[in-house]
Structure formats: C-alpha cells, structure tokens
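Heads up: the structure comes next, in structure tokens.
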Amino acid sequence: MKWFSRYTGVKNRGINPQGFHVSQIKFYVLLVPLSALMLLPIIYIFSSAFKPPDELFAFPPRFFVVNPTLKNFTDLFSKLSNSGIPVSRYLFNSIVITLVTVLASIFVSSTAAYALSKKRFKLKQTLFVINNVALMFVPIAVTIPRFLVVKNLSLLDTFWVHILPVLAMPVGLFLLKQFIDGIPDEVIEAAQIDGASDWWIYWRIILPMIQPALATIAILTFQAAWNNAEISTLYINNESLRTLAFYLSTLTSTTATGANAVAGQGIAAAAALIMFLPNLVIFIFLQGQVMSTMSRSGLK
Amino acid sequence: MQTELNRQNVVRGFDEPGIRKAFLGWLNKEGGAYAFLSPYALLFIVFIVVPVLAASLLSFTFFDAIQSPRFIGLSNYISLITQDDTFMKYVLPNTIQFAVIVGPGGYALAFLLAWMLAQLPRIPRTIFALILYSPSMTAGVAMAVVWKTLFSGDQTGYLNSFLMELGLLREPIQWLQSPQYLMTIMIVVTLWSSMGIGFLAMLAGILEISPELYEAAAIDGMSSRWQEIFYITIPSMKPQMLFGAVMSIVGTFQAGAIGVTLSGSNPTPQYAGQLIVNHIEDYGFLRYEMGYAAAVSVVLLLMVLFFSRVATRLFASEA
C-alpha cells in the first residue's frame with residue numbers, strides 16, 4: 001500500500017502540486033467533460049475542412065470526417081473572389097500586415113513601457129494612470145469617430161490603416177511596463193555609470209530581459225491583426241488591399257444558394273482552419289512565456 | 001542623433017536666454033523619456049483620445065456625414081431617453097441581460113476554472129489551460145462558420161439533428177432566426193470564448209500565492225476549501241482579480257456584435273439580440289445619424305467606466 005499513500009498524503013494536495021493526488025480526481029471529473037465540450041467547435045473546424053462535399057451535407061450530419069480530402073483547400077486557392085481577386089492575395093495581405101503589425105507593436109509598446117517604467121519625468125505617473133483608464137476602452141464604441149479620424153488623415157484605402165490603429169494597445173503597454181518594473185534599477189544605473197546611452201540600455205539590457213513579455217505582446221497583437229475583418233470592411237474599398245479574415249466574413253455572410261452554397265461551405269471551412277491554425281500554433285509555442293508575463297499582470 | 005538635431009533647431013529658434021536655458025534643461029532631463037514615449041503616445045492620441053473626444057463632441061450635434069455638424073445641445077441624449085422606443089424596450093434590457101450574465105458569470109467561471117487548474121500538476125494544467133483558452137483566440141470570423149452550421153436552421157444543423165434523433169424535437173428549429181433562442185445562443189457562444197487573457201492572469205495569480213499562507217491557515221484551523229478561497233486566495237491576488245474583471249467587462253461589451261454575426265442581419269430578428277453596439281452601428285452606418293450614434297457611444301463608454309469603477313471598489317488593493 002506504500003504506492004497508494006504517495007497519492008493520498010499531504011504532499012501534492014493543494015495549489016501547484018508536483019504530482020497526482022486523489023484530491024485532484026474531482027477536478028478531473030469536472031474539467032474533462034467541460035474541456036471536451038469547449039473543444040467540440042474547434043475539432044469541428046479541423047474535421048469539416050477536410051470533408052468532401054457529400055459529407056459536408058450528409059444527413060444526418062456526421063461530426064468527424066470519414067474520407068478526408070484536400071479538395072477544399074485546392075478549391076479555396078484556385079478560386080477568385082466575386083471581385084476577381086485570387087484568395088492567395090488575401091492570404092498574402094494578411095501575412096504581411098500581421099508581420100509588420102507584430103514587429104511594430106513590439107517596438108512601439110516596449111519603448112514606451114521602458115520610458116514609463118525606468119525613466120524619470122514629471123508626467124510619468126499621470127500617463128500611466130491614463131493608460132490604465134484606457135484599458136477599459138472599447139474600440140467598437142468609437143467606430144464612427146475613428147472612421148472620421150482615419151478619413152481626415154487620408155488613411156482610407158492604404159496599407160497603413162491596417163496597422164496603425166492596432167498598435168495603440170493599452171493592454172500591451174500595461175503588461176510590458178509591469179514586466180520591466182521587475183528589472184532592478186541597479187542594473188540600469190550600473191550601465192549608466194559605464195556611460196551607456198538610453199538607446200543602448202533599451203536595446204542591450206531591457207529587450208533581452210523582457211522576452212516573455214514581448215512574446216505575450218506578439219501573441220496579443222497577432223490575434224488582433226490576423227483576425228481583424230473590421231478594418232477591411234470599414235476603411236478599405238480597394239479589394240486588393242483586403243485581408244483573409246475579411247474574405248472569410250464575406251463567405252459566411254452572403255446567403256449563397258444551390259451549387260454555390262455547396263462549394264462555399266467547403267471553402268469557408270478550409271479558410272476557417274487557415275485562420276485558426278496560426279493562432280493555436282503560436283500560442284502552444286509561447287504559452288510558457290505568456291504565463292510568466294501574466295503573473296505580473298496585477299492591476300493595483 | 002535625433003535629439004542632437006532638435007537641439008540645434010531649438011538653439012536657433014529661441015533668442016531669449018532664460019527660456020532657452022530652461023527648455024534645454026528640460027530636454028536634457030526629460031527629453032529622452034518623451035522620445036521613447038512618443039511613437040506610442042502619438043498613436044494613442046490619434047486612435048483613442050481623439051475618437052473619444054470626437055464622440056463626446058459629436059454627441060451634442062446633429063450630424064449626417066454630409067453637412068457639417070450642427071450644435072443641438074442635449075437633444076440627442078433627451079431623445080435617447082424619451083423617444084427611442086427600440087433603445088428602451090429592446091436594446092437596453094438586452095444589453096443589461098447579456099452583460100450581467102456574460103460579465104460576472106463569465107468572470108466567476110474563469111476564476112473557478114483557474115482555481116481548479118491550479119490544483120493540478122503542471123502538464124495536465126497546461127493542456128487544460130490551452131483547451132480553455134483556445135476558443136478566445138478564434139473570436140469572430142472563423143467561428144461564425146462553425147456556429148452557423150452547428151445551429152443551422154434545417155435538419156442538417158447539428159443541434160437540430162441531435163435533438164431530433166433524441167426525439168426531443170419533431171421539426172427543425174430556426175435557432176438563429178428565432179427571437180426566442182437568439183439571446184441564449186449569443187450568451188452561450190460568448191461564454192464559450194470568454195476564457196481569455198483575464199483567465200490566464202487569474203491562473204498565474206493563483207499559482208503565485210505563497211504556499212506558506214495556506215499552511216499557516218491550516219494550522220490556525222481553516223479546513224474548508226471555500227474558506228481558503230475567500231480568506232486567502234482572493235485577497236492575495238486582488239490585483240489579478242481586478243485585471244481579470246476589467247478584461248471581462250471590456251470583452252463583454254466588445255462582444256456585442258455577436259448577435260448580428262450569428263443572425264446575419266442588423267437589426268437582429270425582432271431586435272431579440274440587439275445590443276448597444278449594434279444600435280450604434282444601426283444609427284451610424286445604416287441611417288447616417290452620426291450625432292445620435294455618438295451619443296449612444298458615449299453612453300456605452302460611461303457604462304464600461306461605471307462597471308470598471310465597481311470592480312475597482314471590490315478589488316482595489318489598500319493603498
């Protein structure tokens with residue numbers, strides 16, 4: 001019975017245990033069915049992207065794919081949208097826009113966070129409070145004035161309108177600032193005594209030490225940019241500048257009929273998988289870094 | 001390099017030695033900080049501050065996007081309260097119902113799940129966290145595809161087919177088009193995708209709490225898990241609780257477009273899923289009554305601010 005007492009003793013009972021304990025069984029009993037339920041729609045994305053047409057419209061509907069095929073994907077990429085733009089163009093736009101946005105966001109948020117955390121200036125506290133209030137900002141509420149701003153800056157129908165609004169991300173600045181607060185001032189003072197410039201300190205000391213937080217910002221920005229269909233809808237009229245998220249939204253909103261609907265469903269399923277997969281893969285790779293950033297996310 | 005250039009320009013620009021000296025002194029002391037801050041600050045002002053100010057100003061005007069705005073005082077707010085039947089009869093009650101269930105409900109759920117996950121060893125915990133978090137990263141377009149098929153109105157819809165198989169239904173139901181069910185489906189879908197970064201923050205917060213606190217409490221005779229939650233866990237992680245609360249409030253109001261996405265029309269069938277966000281869009285982009293829409297936006301922002309205040313009251317760390 002010795003092996004059994006390992007799982008019933010005081011050790012491993014409570015928060016953050018090292019191994020299994022009988023007291024954990026009740027959590028598994030609750031969590032396993034719940035996660036299965038949460039996972040269903042996600043599994044459905046994978047399964048239906050590989051379904052041939054007769055399975056997509058089978059009656060009664062079948063959840064899992066029986067004869068997987070890549071036909072939906074080849075259809076997707078050989079298709080032109082209603083306005084004659086190949087789907088690969090939307091995908092290309094999405095990739096370029098997302099890459100630029102993520103890199104720019106890392107730069108913009110981390111420089112500002114460095115200043116708010118480690119530089120000394122009068123308005124420092126005020127500006128941080130303003131940013132904290134802006135955490136409560138709901139972009140969707142000011143869609144109209146934002147449109148007017150974008151229009152007056154002549155940003156309508158430009159590449160930059162995809163990127164610039166996403167960069168103003170108070171959560172990103174907040175998380176980075178909290179993380180930089182954790183770097184001891186002595187490290188920076190020592191560098192300053194050696195005659196290091198602000199820029200050198202930022203580049204050589206701050207950036208290497210905040211990599212987990214940068215990974216988190218990268219994920220948040222990635223999700224904001226990659227999944228964004230609104231910008232293409234509101235600010236872009238030039239079809240060749242629109243994104244994959246936008247294209248997918250047109251597939252689901254138009255009520256196609258007949259043969260078109262059949263082809264449309266398969267294509268939409270394939271596009272949905274392409275939209276979802278990068279989110280998942282990136283998060284799996286960076287989740288450890290995200291968790292270590294989140295432990296400093298407290299709002300005081 | 002950039003500051004060097006600025007400095008030269010400044011030197012040429014000012015002849016008054018006192019001002020010049022004060023300015024140069026300031027530039028030396030604080031210029032670096034502002035240089036680092038400026039790219040973010042500029043974007044923050046252009047895309048957050050200016051739109052919020054513009055919304056507040058426009059809300060006092062009549063503006064149809066063709067003629068320039070005309071000042072009309074509080075009329076927009078007055079008609080919002082007294083004349084807008086749709087707002088009072090559908091939009092406001094819907095928004096409150098949706099917000100109360102999804103906001104505090106989703107928040108409590110996120111905390112409980114985070115708490116349960118914290119009791120598991122690292123590997124299963126990571127797997128569960130990943131599963132619970134993954135719906136939140138698909139928000140919006142990709143999911144619309146899924147929900148439309150799952151809740152499809154004919155017998156090929158999964159829910160219809162499933163319920164008919166069980167004999168609970170005889171005829172397929174138009175889930176997304178029926179005012180009766182739309183709100184419930186909106187709430188379920190939003191809750192499903194609400195384990196976002198607030199959830200991760202709370203999970204991290206629970207894991208950070210020092211085990212000695214629990215041991216000390218156990219020695220003092222605390223035995224129930226509920227007591228532990230209310231007297232140790234929550235008080236020790238108030239900052240994360242507040243962060244999670246703010247994220248959940250913002251997420252709730254931001255999710256407002258879901259009814260239109262699901263039903264495919266604005267207004268939603270018989271206004272059943274009409275939330276304040278859809279009302280703004282309805283007036284702003286469909287009727288071009290921008291001034292009125294701006295007034296509704298201001299009301300929405302004030303609601304978010306109010307709820308965040310309440311959350312701050314609940315979870316503020318004692319200074």
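Chains: A, B, ... in order of the structure tokens. Residues: from 1 per chain. Ligands: from 1, in order shown.
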
Near chain A, which residues of chain B fall within 7 Å when you count only C-alpha atoms, and what do they look like as a ChimeraX atom specification? /B:30,33,36-37,39-40,43-44,47,51-52,54-55,116,118-121,128,131-132,134,137-138,141-142,144-146,156,158,161,192,200-201,204-205,207-208,239-240,242-243,246,250,254,264,277,284,297,300-301,304-305,316-317

Where does DSSP see alpha helix (DSSP H) in stretch 181-303 of chain B, if you list the residues as an MDAnalysis selection string? chainID B and resid 181:192 197:208 211:219 225:228 234:236 238:254 258:263 276:281 290:303

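One distance worth recording is that between atom CA of B:Thr312 and atom CA of B:Trp226, which is 22.9 Å.
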
As an mmCIF file with C-alpha atoms, in the first residue's frame, please: the residues near A:Pro68 (cut-off 9 Å, only C-alpha atoms, same-chain neighbours under 6 positions excluded).
```cif
data_model
loop_
_atom_site.group_PDB
_atom_site.id
_atom_site.type_symbol
_atom_site.label_atom_id
_atom_site.label_comp_id
_atom_site.auth_asym_id
_atom_site.auth_seq_id
_atom_site.Cartn_x
_atom_site.Cartn_y
_atom_site.Cartn_z
ATOM 1 C CA SER A 47 -12.849 17.925 -39.315
ATOM 2 C CA SER A 48 -15.002 19.894 -41.726
ATOM 3 C CA ALA A 49 -12.069 21.493 -43.533
ATOM 4 C CA PHE A 50 -11.147 18.027 -44.831
ATOM 5 C CA LYS A 51 -14.667 16.843 -45.624
ATOM 6 C CA PRO A 52 -15.658 16.070 -49.206
#
```

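Considering only C-alpha atoms, the residue among A:Leu286, A:Ile206, A:Gly266, A:Tyr90 positioned nearest to A:Asn72 is A:Gly266.
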
Quick one: everything within 7 Å of A:Leu156, counting only C-alpha atoms, minus sequence neighbours fewer than 3 positions away in the same chain. Send it as a ChimeraX atom specification. /A:150-151,161,235-236

Using atom CA of A:Ser154 and atom CA of A:Ile217 as the two end points, give the distance in Å to one decimal.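 Calculated distance between atom CA of A:Ser154 and atom CA of A:Ile217 is 28.2 Å.
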